[in-house]
>>> print(open('start_8.cif').read())   # mmCIF, C-alpha atoms
data_protein
loop_
_atom_site.label_atom_id
_atom_site.label_comp_id
_atom_site.auth_asym_id
_atom_site.auth_seq_id
_atom_site.Cartn_x
_atom_site.Cartn_y
_atom_site.Cartn_z
CA MET H 1 -82.85 -116.43 -205.11
CA ASN H 2 -85.56 -118.96 -205.69
CA THR H 3 -85.29 -122.37 -204.15
CA LEU H 4 -85.79 -125.32 -206.44
CA LEU H 5 -88.57 -127.81 -206.27
CA ASN H 6 -87.42 -130.50 -203.87
CA ILE H 7 -88.62 -133.68 -202.21
CA ASN H 8 -90.20 -131.77 -199.30
CA HIS H 9 -92.43 -129.90 -201.71
CA LEU H 10 -93.55 -133.15 -203.28
CA LEU H 11 -94.25 -134.63 -199.84
CA PHE H 12 -96.31 -131.54 -199.04
CA LEU H 13 -98.29 -132.09 -202.25
CA LEU H 14 -98.89 -135.69 -201.22
CA GLU H 15 -100.16 -134.52 -197.84
CA GLY H 16 -102.48 -132.18 -199.74
CA THR H 17 -103.61 -135.14 -201.84
CA TRP H 18 -104.48 -137.01 -198.65
CA TRP H 19 -106.70 -134.11 -197.52
CA THR H 20 -108.33 -134.03 -200.95
CA VAL H 21 -109.20 -137.69 -200.46
CA VAL H 22 -110.51 -137.03 -196.92
CA LEU H 23 -112.64 -134.12 -198.11
CA THR H 24 -113.96 -136.24 -201.00
CA ALA H 25 -114.95 -138.95 -198.52
CA VAL H 26 -116.68 -136.42 -196.24
CA ALA H 27 -118.53 -134.92 -199.21
CA PHE H 28 -119.49 -138.30 -200.58
CA ILE H 29 -120.80 -139.64 -197.25
CA GLY H 30 -122.54 -136.40 -196.28
CA GLY H 31 -123.86 -135.86 -199.78
CA GLY H 32 -124.92 -139.51 -200.00
CA VAL H 33 -127.06 -139.29 -196.87
CA GLY H 34 -128.48 -135.92 -197.97
CA GLY H 35 -128.95 -137.14 -201.52
CA LEU H 36 -130.88 -140.21 -200.40
CA ALA H 37 -133.21 -138.00 -198.38
CA ILE H 38 -133.66 -135.67 -201.37
CA ALA H 39 -134.27 -138.56 -203.77
CA LEU H 40 -136.92 -140.07 -201.48
CA ALA H 41 -138.54 -136.68 -200.87
CA ARG H 42 -138.62 -135.96 -204.62
CA ILE H 43 -140.86 -139.00 -205.21
CA ALA H 44 -142.77 -138.83 -201.92
CA PRO H 45 -146.58 -138.86 -202.03
CA ALA H 46 -146.80 -135.67 -199.96
CA ASP H 47 -146.95 -132.53 -202.13
CA TRP H 48 -145.01 -130.35 -199.72
CA MET H 49 -142.08 -132.76 -199.60
CA ARG H 50 -141.84 -132.86 -203.38
CA LEU H 51 -142.13 -129.07 -203.54
CA ILE H 52 -139.44 -128.36 -200.93
CA SER H 53 -136.97 -130.92 -202.25
CA GLY H 54 -137.57 -129.71 -205.81
CA LEU H 55 -136.92 -126.12 -204.78
CA TYR H 56 -133.76 -127.18 -202.95
CA VAL H 57 -132.42 -128.93 -206.03
CA GLN H 58 -133.24 -125.97 -208.32
CA LEU H 59 -131.66 -123.55 -205.87
CA ILE H 60 -128.40 -125.48 -205.43
CA GLN H 61 -128.07 -126.46 -209.09
CA GLY H 62 -128.47 -122.79 -210.06
CA THR H 63 -125.70 -121.57 -207.73
CA PRO H 64 -121.95 -122.03 -208.25
CA LEU H 65 -120.16 -124.19 -205.68
CA LEU H 66 -117.65 -121.37 -205.21
CA VAL H 67 -120.40 -119.09 -203.89
CA ILE H 68 -121.75 -121.88 -201.65
CA MET H 69 -118.20 -122.26 -200.28
CA PHE H 70 -118.00 -118.55 -199.50
CA LEU H 71 -121.44 -118.66 -197.89
CA GLY H 72 -120.34 -121.56 -195.71
CA TYR H 73 -117.03 -120.06 -194.73
CA PHE H 74 -117.89 -116.38 -194.30
CA GLY H 75 -121.63 -116.73 -193.84
CA LEU H 76 -121.76 -119.21 -190.96
CA PRO H 77 -119.46 -117.11 -188.71
CA ALA H 78 -121.65 -114.10 -189.50
CA LEU H 79 -124.59 -116.13 -188.20
CA GLY H 80 -122.65 -116.80 -185.01
CA TYR H 81 -121.19 -120.23 -185.75
CA ASN H 82 -117.45 -120.67 -185.62
CA VAL H 83 -116.28 -122.99 -188.35
CA THR H 84 -112.92 -124.40 -189.32
CA PRO H 85 -112.09 -124.52 -193.04
CA LEU H 86 -112.64 -128.30 -192.98
CA THR H 87 -116.14 -127.94 -191.51
CA ALA H 88 -117.05 -125.11 -193.87
CA ALA H 89 -115.76 -126.96 -196.93
CA GLY H 90 -117.30 -130.27 -195.82
CA ALA H 91 -120.68 -128.66 -195.12
CA SER H 92 -120.69 -126.73 -198.41
CA LEU H 93 -119.77 -129.79 -200.43
CA THR H 94 -122.38 -131.87 -198.59
CA ILE H 95 -125.07 -129.34 -199.50
CA TYR H 96 -123.88 -129.21 -203.11
CA VAL H 97 -123.39 -132.95 -203.62
CA SER H 98 -126.72 -133.92 -202.07
CA ALA H 99 -128.60 -131.85 -204.66
CA TYR H 100 -126.83 -133.60 -207.57
CA LEU H 101 -126.80 -137.12 -206.11
CA GLY H 102 -130.45 -136.65 -205.12
CA GLU H 103 -131.39 -135.97 -208.75
CA ILE H 104 -129.31 -138.89 -210.05
CA TRP H 105 -130.84 -141.30 -207.55
CA ARG H 106 -134.37 -140.03 -208.10
CA GLY H 107 -133.93 -140.92 -211.76
CA CYS H 108 -132.74 -144.41 -210.80
CA LEU H 109 -135.65 -144.99 -208.40
CA GLU H 110 -138.08 -143.88 -211.09
CA ALA H 111 -136.38 -146.14 -213.64
CA VAL H 112 -137.39 -149.25 -211.71
CA PRO H 113 -140.35 -150.60 -213.72
CA LYS H 114 -143.81 -149.68 -212.50
CA ALA H 115 -144.77 -153.37 -212.37
CA GLN H 116 -142.26 -153.91 -209.57
CA TRP H 117 -143.99 -151.28 -207.43
CA GLU H 118 -147.38 -152.84 -208.15
CA ALA H 119 -146.19 -156.38 -207.54
CA ALA H 120 -144.80 -155.35 -204.15
CA GLU H 121 -148.12 -153.75 -203.31
CA CYS H 122 -149.98 -156.92 -204.32
CA LEU H 123 -147.81 -158.88 -201.92
CA ALA H 124 -149.12 -156.58 -199.17
CA LEU H 125 -145.71 -155.13 -198.40
CA SER H 126 -145.78 -151.88 -196.46
CA LYS H 127 -144.46 -148.74 -198.19
CA THR H 128 -141.17 -148.95 -196.26
CA GLN H 129 -140.75 -152.64 -197.08
CA ARG H 130 -141.54 -151.97 -200.72
CA MET H 131 -138.95 -149.21 -200.93
CA PHE H 132 -136.15 -150.99 -199.06
CA LYS H 133 -136.74 -154.61 -200.08
CA VAL H 134 -137.98 -154.31 -203.66
CA ILE H 135 -137.23 -150.96 -205.26
CA MET H 136 -133.90 -149.92 -203.77
CA PRO H 137 -131.96 -153.13 -204.42
CA GLN H 138 -132.82 -152.75 -208.10
CA ALA H 139 -132.26 -148.99 -208.15
CA ILE H 140 -128.81 -149.39 -206.55
CA ARG H 141 -127.67 -151.48 -209.50
CA LEU H 142 -128.84 -148.80 -211.92
CA ALA H 143 -127.31 -146.07 -209.79
CA THR H 144 -123.79 -147.47 -209.48
CA PRO H 145 -122.27 -146.27 -212.80
CA PRO H 146 -123.57 -142.67 -212.63
CA THR H 147 -122.65 -142.46 -208.93
CA VAL H 148 -119.06 -143.53 -209.59
CA GLY H 149 -119.04 -141.07 -212.49
CA PHE H 150 -120.23 -138.29 -210.22
CA SER H 151 -117.55 -139.10 -207.64
CA VAL H 152 -115.06 -137.81 -210.23
CA GLN H 153 -116.91 -134.48 -210.09
CA ILE H 154 -116.64 -134.56 -206.29
CA VAL H 155 -112.86 -135.07 -206.38
CA LYS H 156 -112.52 -132.18 -208.82
CA ASN H 157 -114.87 -129.93 -206.90
CA THR H 158 -112.92 -130.33 -203.64
CA SER H 159 -110.29 -128.12 -205.32
CA LEU H 160 -112.63 -125.18 -204.67
CA ALA H 161 -112.13 -125.70 -200.92
CA SER H 162 -108.76 -124.02 -201.50
CA VAL H 163 -110.52 -120.63 -201.67
CA VAL H 164 -111.54 -120.88 -198.01
CA GLY H 165 -107.99 -121.78 -197.00
CA PHE H 166 -108.42 -125.51 -196.57
CA VAL H 167 -105.04 -127.02 -197.45
CA GLU H 168 -105.92 -129.72 -199.95
CA LEU H 169 -104.05 -130.46 -203.16
CA ALA H 170 -104.81 -127.25 -205.07
CA ARG H 171 -104.09 -125.07 -202.02
CA ALA H 172 -100.87 -127.01 -201.32
CA GLY H 173 -99.82 -126.17 -204.89
CA GLN H 174 -100.57 -122.48 -204.32
CA LEU H 175 -98.58 -122.44 -201.08
CA ILE H 176 -95.53 -124.05 -202.70
CA ASN H 177 -95.81 -121.63 -205.59
CA ASN H 178 -95.72 -118.74 -203.12
CA SER H 179 -92.32 -119.91 -201.96
CA ILE H 180 -90.63 -121.03 -205.18
CA PHE H 181 -92.46 -119.07 -207.94
CA GLU H 182 -92.67 -121.85 -210.50
CA PRO H 183 -96.42 -121.68 -211.11
CA PHE H 184 -96.52 -123.53 -214.42
CA LEU H 185 -94.43 -126.48 -213.22
CA ILE H 186 -96.34 -126.80 -209.94
CA TYR H 187 -99.82 -126.59 -211.39
CA VAL H 188 -98.92 -129.15 -214.04
CA ILE H 189 -97.78 -131.51 -211.25
CA VAL H 190 -100.98 -130.79 -209.32
CA ALA H 191 -103.02 -131.47 -212.47
CA VAL H 192 -101.20 -134.78 -212.97
CA ILE H 193 -101.99 -135.86 -209.40
CA TYR H 194 -105.67 -134.96 -209.87
CA PHE H 195 -105.64 -136.92 -213.11
CA CYS H 196 -104.22 -139.96 -211.30
CA LEU H 197 -107.04 -139.72 -208.75
CA CYS H 198 -109.83 -139.18 -211.28
CA PHE H 199 -108.91 -141.20 -214.34
CA PRO H 200 -109.21 -144.67 -212.71
CA LEU H 201 -112.64 -143.66 -211.39
CA SER H 202 -113.71 -142.48 -214.87
CA VAL H 203 -112.54 -145.70 -216.47
CA PHE H 204 -114.25 -147.76 -213.76
CA SER H 205 -117.51 -145.88 -214.29
CA GLN H 206 -117.36 -146.37 -218.08
CA ARG H 207 -116.68 -150.07 -217.63
CA LEU H 208 -119.63 -150.42 -215.24
CA GLU H 209 -121.82 -148.64 -217.79
CA LYS H 210 -120.76 -151.04 -220.54
CA THR H 211 -121.39 -154.09 -218.37
CA MET H 212 -124.81 -152.73 -217.47
CA ALA H 213 -125.64 -152.04 -221.11
CA ARG H 214 -124.70 -155.60 -222.06
CA TYR H 215 -126.66 -157.02 -219.13
CA GLY H 216 -129.64 -154.83 -220.02
CA ALA H 217 -129.54 -156.03 -223.64
CA ARG H 218 -129.46 -159.66 -222.49
CA THR H 219 -132.44 -159.33 -220.16
CA ALA H 220 -134.35 -157.46 -222.88
CA ASP H 221 -133.67 -160.34 -225.27
CA ALA H 222 -134.85 -162.88 -222.71
CA ALA H 223 -138.07 -160.94 -222.16
CA MET J 224 -128.19 -111.30 -185.48
CA THR J 225 -129.47 -108.68 -187.85
CA PHE J 226 -129.21 -108.65 -191.58
CA ASP J 227 -128.38 -105.56 -193.48
CA PHE J 228 -128.79 -105.90 -197.19
CA SER J 229 -128.81 -102.15 -197.82
CA ALA J 230 -125.03 -101.86 -197.43
CA VAL J 231 -124.61 -104.45 -200.14
CA LEU J 232 -127.32 -103.08 -202.40
CA THR J 233 -125.71 -99.63 -202.53
CA SER J 234 -122.99 -101.35 -204.62
CA TRP J 235 -125.61 -102.56 -207.10
CA GLN J 236 -123.73 -100.98 -209.98
CA MET J 237 -120.78 -103.28 -209.33
CA LEU J 238 -123.00 -106.34 -209.05
CA ALA J 239 -124.72 -105.41 -212.31
CA ASP J 240 -121.37 -104.99 -214.08
CA GLY J 241 -120.21 -108.32 -212.68
CA ALA J 242 -123.40 -110.07 -213.74
CA ALA J 243 -123.08 -108.54 -217.22
CA LEU J 244 -119.54 -109.86 -217.54
CA THR J 245 -120.63 -113.30 -216.30
CA ALA J 246 -123.40 -113.33 -218.90
CA LYS J 247 -120.95 -112.21 -221.58
CA LEU J 248 -118.37 -114.87 -220.63
CA ALA J 249 -121.07 -117.54 -220.60
CA SER J 250 -122.54 -116.61 -223.99
CA ILE J 251 -119.19 -116.27 -225.76
CA THR J 252 -117.83 -119.55 -224.39
CA THR J 253 -121.09 -121.39 -225.06
CA ILE J 254 -120.59 -120.65 -228.76
CA THR J 255 -116.82 -121.21 -228.91
CA GLY J 256 -117.08 -124.30 -226.69
CA PHE J 257 -119.82 -125.78 -228.86
CA LEU J 258 -117.76 -125.24 -232.03
CA ILE J 259 -114.59 -126.73 -230.54
CA GLY J 260 -116.49 -129.57 -228.90
CA THR J 261 -118.24 -130.55 -232.12
CA LEU J 262 -114.94 -130.48 -234.03
CA PHE J 263 -113.31 -132.72 -231.42
CA ALA J 264 -116.30 -135.07 -231.42
CA ILE J 265 -115.89 -135.44 -235.19
CA ALA J 266 -112.11 -135.87 -234.81
CA ARG J 267 -112.64 -138.59 -232.20
CA ARG J 268 -115.14 -140.41 -234.41
CA SER J 269 -113.71 -140.00 -237.90
CA GLY J 270 -110.10 -138.81 -237.62
CA GLY J 271 -107.03 -140.90 -238.38
CA ARG J 272 -105.29 -142.74 -235.56
CA VAL J 273 -103.15 -139.75 -234.54
CA LEU J 274 -106.04 -137.29 -234.61
CA ARG J 275 -108.25 -139.69 -232.64
CA GLY J 276 -105.50 -140.14 -230.06
CA CYS J 277 -105.01 -136.39 -229.67
CA ALA J 278 -108.75 -135.79 -229.32
CA SER J 279 -109.06 -138.53 -226.67
CA ALA J 280 -106.04 -137.21 -224.76
CA TYR J 281 -107.50 -133.70 -224.72
CA ILE J 282 -110.96 -134.88 -223.66
CA GLU J 283 -109.71 -137.18 -220.89
CA THR J 284 -107.23 -134.62 -219.55
CA VAL J 285 -109.87 -131.94 -219.24
CA ARG J 286 -112.52 -134.23 -217.81
CA ASN J 287 -110.23 -135.60 -215.12
CA THR J 288 -108.68 -132.42 -213.74
CA PRO J 289 -110.38 -129.57 -211.85
CA PHE J 290 -111.19 -126.37 -213.71
CA LEU J 291 -109.42 -124.35 -211.01
CA VAL J 292 -106.12 -126.10 -211.79
CA GLN J 293 -106.71 -125.87 -215.56
CA ILE J 294 -107.18 -122.13 -215.35
CA PHE J 295 -103.97 -121.73 -213.34
CA VAL J 296 -102.01 -123.88 -215.77
CA ILE J 297 -103.32 -121.88 -218.75
CA TYR J 298 -102.88 -118.51 -217.03
CA PHE J 299 -99.29 -119.14 -215.94
CA GLY J 300 -98.46 -121.30 -218.95
CA LEU J 301 -99.38 -118.55 -221.42
CA SER J 302 -97.44 -115.95 -219.48
CA SER J 303 -94.34 -118.15 -219.23
CA LEU J 304 -94.55 -118.61 -223.01
CA GLY J 305 -94.34 -114.86 -223.25
CA PHE J 306 -97.96 -114.02 -224.02
CA SER J 307 -99.59 -111.42 -221.87
CA PHE J 308 -103.35 -111.58 -222.12
CA SER J 309 -105.90 -109.86 -219.94
CA ALA J 310 -107.58 -111.96 -217.25
CA ILE J 311 -110.80 -111.93 -219.27
CA THR J 312 -109.10 -113.29 -222.39
CA VAL J 313 -107.51 -116.07 -220.34
CA ALA J 314 -110.92 -116.76 -218.77
CA VAL J 315 -112.48 -117.12 -222.23
CA ILE J 316 -109.67 -119.41 -223.39
CA ALA J 317 -109.83 -121.59 -220.26
CA LEU J 318 -113.63 -121.85 -220.24
CA THR J 319 -113.68 -122.75 -223.94
CA PHE J 320 -110.95 -125.33 -223.44
CA ASN J 321 -112.88 -126.80 -220.50
CA VAL J 322 -116.41 -126.94 -221.89
CA GLY J 323 -115.12 -128.06 -225.30
CA ALA J 324 -114.14 -131.43 -223.85
CA TYR J 325 -117.52 -132.01 -222.19
CA THR J 326 -119.37 -130.88 -225.31
CA ALA J 327 -117.23 -133.22 -227.41
CA GLU J 328 -118.35 -136.22 -225.37
CA ILE J 329 -122.00 -135.15 -225.50
CA MET J 330 -121.93 -134.52 -229.26
CA ARG J 331 -120.12 -137.81 -229.84
CA ALA J 332 -122.99 -139.59 -228.10
CA GLY J 333 -125.37 -137.61 -230.31
CA PHE J 334 -123.59 -138.57 -233.54
CA ASP J 335 -123.37 -142.21 -232.36
CA SER J 336 -127.13 -142.30 -231.78
CA ILE J 337 -127.94 -141.59 -235.43
CA GLN J 338 -128.88 -144.72 -237.31
CA ARG J 339 -126.24 -146.17 -239.60
CA GLY J 340 -128.68 -146.19 -242.49
CA GLN J 341 -128.78 -142.38 -242.39
CA TRP J 342 -125.02 -142.11 -242.83
CA GLU J 343 -125.02 -144.80 -245.52
CA ALA J 344 -127.82 -143.09 -247.41
CA GLY J 345 -125.83 -139.86 -247.33
CA GLU J 346 -122.75 -141.67 -248.60
CA CYS J 347 -124.78 -143.20 -251.45
CA LEU J 348 -125.85 -139.70 -252.46
CA GLY J 349 -122.16 -138.90 -252.87
CA LEU J 350 -121.84 -136.52 -249.93
CA SER J 351 -118.31 -135.79 -248.76
CA PRO J 352 -117.50 -136.49 -245.07
CA VAL J 353 -117.85 -132.80 -244.26
CA GLN J 354 -121.21 -132.62 -246.05
CA LEU J 355 -122.29 -135.79 -244.22
CA TYR J 356 -121.69 -134.20 -240.83
CA TRP J 357 -123.20 -130.90 -241.89
CA HIS J 358 -126.36 -132.15 -243.66
CA VAL J 359 -127.00 -135.55 -242.06
CA GLY J 360 -125.38 -135.58 -238.60
CA LEU J 361 -125.40 -132.20 -236.97
CA ARG J 362 -129.02 -131.29 -236.43
CA PRO J 363 -130.44 -134.67 -235.39
CA ALA J 364 -127.42 -135.24 -233.12
CA MET J 365 -127.97 -131.88 -231.46
CA GLU J 366 -131.65 -132.56 -231.11
CA ARG J 367 -131.08 -135.85 -229.31
CA VAL J 368 -128.54 -134.48 -226.83
CA TYR J 369 -130.05 -131.01 -226.50
CA PRO J 370 -131.06 -131.39 -222.82
CA ALA J 371 -127.56 -132.62 -221.88
CA LEU J 372 -125.96 -129.81 -223.89
CA THR J 373 -128.02 -127.11 -222.24
CA SER J 374 -127.31 -128.40 -218.72
CA GLN J 375 -123.62 -128.43 -219.59
CA PHE J 376 -123.77 -124.80 -220.72
CA ILE J 377 -125.56 -123.80 -217.53
CA LEU J 378 -122.82 -125.56 -215.55
CA LEU J 379 -120.36 -123.58 -217.68
CA MET J 380 -121.97 -120.30 -216.64
CA LEU J 381 -121.71 -121.39 -212.99
CA ALA J 382 -118.10 -122.52 -213.50
CA SER J 383 -117.21 -119.06 -214.80
CA SER J 384 -117.30 -118.02 -211.11
CA VAL J 385 -113.92 -119.75 -210.76
CA THR J 386 -112.36 -117.20 -213.11
CA SER J 387 -112.57 -114.75 -210.18
CA GLN J 388 -109.47 -116.59 -208.94
CA ILE J 389 -107.36 -115.08 -211.74
CA SER J 390 -109.07 -111.75 -211.01
CA ALA J 391 -111.49 -111.58 -213.91
CA GLU J 392 -113.98 -109.01 -212.63
CA GLU J 393 -117.11 -111.10 -212.98
CA LEU J 394 -119.97 -111.56 -210.54
CA THR J 395 -118.15 -113.57 -207.84
CA ALA J 396 -115.19 -111.20 -207.94
CA ALA J 397 -117.63 -108.30 -207.50
CA GLY J 398 -119.07 -110.14 -204.49
CA ASN J 399 -115.59 -110.70 -203.04
CA PHE J 400 -114.81 -107.00 -203.37
CA ILE J 401 -118.11 -105.85 -201.88
CA GLN J 402 -117.87 -108.19 -198.89
CA SER J 403 -114.35 -106.97 -198.13
CA GLU J 404 -115.63 -103.38 -198.21
CA THR J 405 -118.85 -103.86 -196.24
CA TYR J 406 -117.91 -106.75 -193.92
CA ARG J 407 -121.28 -108.25 -194.80
CA PRO J 408 -120.23 -111.58 -196.34
CA PHE J 409 -123.47 -113.44 -195.69
CA GLU J 410 -125.73 -110.82 -197.26
CA THR J 411 -123.31 -110.29 -200.17
CA TYR J 412 -123.04 -113.92 -201.14
CA ILE J 413 -126.78 -114.51 -200.72
CA ILE J 414 -127.41 -111.75 -203.24
CA VAL J 415 -124.66 -113.07 -205.54
CA ALA J 416 -126.19 -116.57 -205.32
CA LEU J 417 -129.63 -115.17 -206.18
CA ILE J 418 -128.23 -113.36 -209.23
CA TYR J 419 -126.60 -116.61 -210.41
CA LEU J 420 -129.91 -118.39 -209.88
CA ALA J 421 -131.69 -115.73 -211.95
CA LEU J 422 -129.05 -116.02 -214.69
CA SER J 423 -129.44 -119.80 -214.81
CA ILE J 424 -133.23 -119.50 -215.04
CA VAL J 425 -132.89 -116.95 -217.86
CA MET J 426 -130.43 -119.25 -219.65
CA ARG J 427 -132.75 -122.23 -219.29
CA GLY J 428 -135.60 -120.17 -220.78
CA ALA J 429 -133.41 -118.97 -223.65
CA PHE J 430 -132.30 -122.53 -224.44
CA TRP J 431 -135.90 -123.67 -224.35
CA GLY J 432 -136.83 -120.99 -226.89
CA LEU J 433 -133.80 -121.79 -229.03
CA GLY J 434 -134.72 -125.48 -228.97
CA MET J 435 -138.23 -124.66 -230.13
CA ALA J 436 -136.83 -122.59 -232.99
CA LEU J 437 -134.16 -125.11 -234.03
CA PHE J 438 -136.10 -128.34 -233.80
CA PRO J 439 -139.57 -128.15 -235.39
CA ARG J 440 -140.33 -131.77 -234.50
CA ARG J 441 -139.88 -131.01 -230.82
CA ARG J 442 -142.23 -128.06 -231.26
CA ARG J 443 -144.94 -130.20 -232.84
CA LEU J 444 -144.71 -133.01 -230.30
CA GLY J 445 -144.42 -130.53 -227.45
CA THR J 446 -141.82 -132.72 -225.78
CA PRO J 447 -140.61 -130.94 -222.66
CA LEU J 448 -136.96 -130.00 -222.81
#
>>> encode(input="start_8.cif", output="C-alpha cells")
Amino acid sequence: MNTLLNINHLLFLLEGTWWTVVLTAVAFIGGGVGGLAIALARIAPADWMRLISGLYVQLIQGTPLLVIMFLGYFGLPALGYNVTPLTAAGASLTIYVSAYLGEIWRGCLEAVPKAQWEAAECLALSKTQRMFKVIMPQAIRLATPPTVGFSVQIVKNTSLASVVGFVELARAGQLINNSIFEPFLIYVIVAVIYFCLCFPLSVFSQRLEKTMARYGARTADAA
Amino acid sequence: MTFDFSAVLTSWQMLADGAALTAKLASITTITGFLIGTLFAIARRSGGRVLRGCASAYIETVRNTPFLVQIFVIYFGLSSLGFSFSAITVAVIALTFNVGAYTAEIMRAGFDSIQRGQWEAGECLGLSPVQLYWHVGLRPAMERVYPALTSQFILLMLASSVTSQISAEELTAAGNFIQSETYRPFETYIIVALIYLALSIVMRGAFWGLGMALFPRRRRLGTPL
C-alpha cells in the first residue's frame, strides 16, 4: 500500500530546496573567484596566460557538467582524495561555472571603450590601478544583467548534483518518489519549486537589461 | 597512483556506440528543436493573445526549470498517460521540448532585429504573413543570431548526457556502465569527456561550414563565426 504525499514530504522537499540554494551560493562564489581569474588571464598581456585560460574555457565548455560531476565524485577518490558529495558537487560546479562566468566577464572587460584604457594610462596609473579603479567599475555595470541571467543556469545546474547523491531538491524528489511511487506528481512539484527560484531571477535580469539599454541609448544621445 | 586506460579502451565498441547515439540524438533534436523554436518565436511575435500567452508560458517554464526535472516529468508523465515509449524516444521528445524554448527566444531576437522597413516592404508586395516570415524574415534572422544558435545546439549535445538518467544508452550511460565494470572511474570519465570535447569541436566545424553555405554575405566578408 502506497502512502500518500503528506506534509513531511513537503518539508523534506523544502530542506532539499535549502541545499539547492546553498550549493548555488557555493558555486556562484567559487565560480565567481575562478571566473574573475579566468577573465583577467584571458586578456592578460602574457601569451601563456591567454593560451592556458583559453584552453581551459574550451575544455570545460566542450564537456557536459554531468561528466565533470562524475569526474569530481568518482575521480577524486581514485586520485586518493576523500570527498563528500557536497565537496565533489561544489568543486565540479566551481570548475564549470568559472569557465562560463570567465567568458562573460571577459566580454564585459573588453566592452569598456579603448579610450578609457588609454586615458588611465595617460594619467600614469599602474596596470593594477587601471584595472581596479577605471576598467572594472565600468565593466561591473555591464556585467550585472548577464551575470544575474547566468545565475539562473547555476540554480538549474545544481540539479545535476543529485547524480552524485547530494540531497538537493531534485534528489529529495527522487527519494520521496522511491517511497510513495507518485513520480509525475512529485516531479511536477519539484519543477514548480525550481520555477519559483528561477523565475524571479530571470525577470530581474531582463529588467536590468532593459534599464541598461535605456541608459545606453541616453548616453549615446548625449555623446 | 597509476592510471590504466587499457581496461577502459578494451570497451571501445561500447564507447563508439554511445558516441554514435549521442551524435544521432544531437542531430535529430537540433533539427526538430529549430523547427519548434522558430514556430514558437513566430507565435510569440505574431499570434493572437491566447497563442502568445501559451508560447510565453511554454518558453518561461522550460527556461526556468532544470532539464533533469523536465525529462523526469515527461518520462513519467507520458507513462502515466498510458504511452509507453522507449527511453530514446522520450529523450528525443524531452530534448526537443527543451531546446525549442531556447531557440524560440534566440529566433525572436533575430526576427526583432530585422528593420521594420523590410517587413513593410514585404507587406506592400502583398505577401501573406507566412510568406513574409519565409521570404523576408527567416534567413536574415538566422544569419544575425547564427553564433548564438550554434552555441545553443552545442549545449544541447552536451545536455543530452542527462538522458542517461532515464537509461538512454548514450555516451555517458556507456561510461557509467564501463566504470562499474572496470572500477576505473577516473580513466573512464576522462575518455568520455574527451569524446564529448571531440564531438563539440566537430559540431562547431560543421556549423561553421553550414554557415558559409547558407549565408553568402558572411562568406564574402569572411566574418568569423
>>> atom_distance(input="start_8.cif", atom1="CA of Arg267 (chain J)", atom2="CA of Asp335 (chain J)")
11.3 Å
>>> interface_residues(input="start_8.cif", of="chain H", to="chain J", cutoff="7 Å", atoms="all atoms listed in the file", output="MDAnalysis selection string")
chainID H and resid 59 62:64 66:67 71 74:75 78:79 156:157 159 170 183:184 187:188 191 194:195 198:199
>>> resolve_selection(input="start_8.cif", expression="the PyMOL selection byres ((chain J and resi 392) around 9)", output="PyMOL selection string")
chain J and resi 240-241+244-245+310-311+386-387+390-391+393-397
>>> resolve_selection(input="start_8.cif", expression="the PyMOL selection byres ((chain J and resi 252-262) around 8)", output="ChimeraX atom specification")
/J:248-251,263-266,315,318-328,330-331,376,379
>>> write_last_selection(input="start_8.cif", atoms="C-alpha atoms", output="short mmCIF file (atom, residue, chain, number, x, y, z; two decimals), in the coordinates of the input")
data_model
loop_
_atom_site.label_atom_id
_atom_site.label_comp_id
_atom_site.auth_asym_id
_atom_site.auth_seq_id
_atom_site.Cartn_x
_atom_site.Cartn_y
_atom_site.Cartn_z
CA LEU J 248 -118.37 -114.87 -220.63
CA ALA J 249 -121.07 -117.54 -220.60
CA SER J 250 -122.54 -116.61 -223.99
CA ILE J 251 -119.19 -116.27 -225.76
CA PHE J 263 -113.31 -132.72 -231.42
CA ALA J 264 -116.30 -135.07 -231.42
CA ILE J 265 -115.89 -135.44 -235.19
CA ALA J 266 -112.11 -135.87 -234.81
CA VAL J 315 -112.48 -117.12 -222.23
CA LEU J 318 -113.63 -121.85 -220.24
CA THR J 319 -113.68 -122.75 -223.94
CA PHE J 320 -110.95 -125.33 -223.44
CA ASN J 321 -112.88 -126.80 -220.50
CA VAL J 322 -116.41 -126.94 -221.89
CA GLY J 323 -115.12 -128.06 -225.30
CA ALA J 324 -114.14 -131.43 -223.85
CA TYR J 325 -117.52 -132.01 -222.19
CA THR J 326 -119.37 -130.88 -225.31
CA ALA J 327 -117.23 -133.22 -227.41
CA GLU J 328 -118.35 -136.22 -225.37
CA MET J 330 -121.93 -134.52 -229.26
CA ARG J 331 -120.12 -137.81 -229.84
CA PHE J 376 -123.77 -124.80 -220.72
CA LEU J 379 -120.36 -123.58 -217.68
#
>>> residues_around(input="start_8.cif", residues="Ala88 (chain H)", least_positions_apart="3", cutoff="9 Å", atoms="only C-alpha atoms", output="JSON, numbers by chain")
{"H": [69, 70, 71, 72, 73, 74, 76, 83, 84, 85, 91, 92, 93, 161, 164]}
>>> resolve_selection(input="start_8.cif", expression="the PyMOL selection byres ((chain J and resi 370) around 10)", output="PyMOL selection string")
chain J and resi 365-369+371-375+427+430-431+434+447-448
>>> atom_distance(input="start_8.cif", atom1="CA of Val203 (chain H)", atom2="CA of Val152 (chain H)")
10.4 Å
>>> closest_residue(input="start_8.cif", among="H:Leu86, H:Val148, H:Leu185, H:Val192", to="Gly165 (chain H)", atoms="all atoms listed in the file")
H:Leu86
>>> atom_distance(input="start_8.cif", atom1="CA of Leu201 (chain H)", atom2="CA of Ser151 (chain H)")
7.7 Å
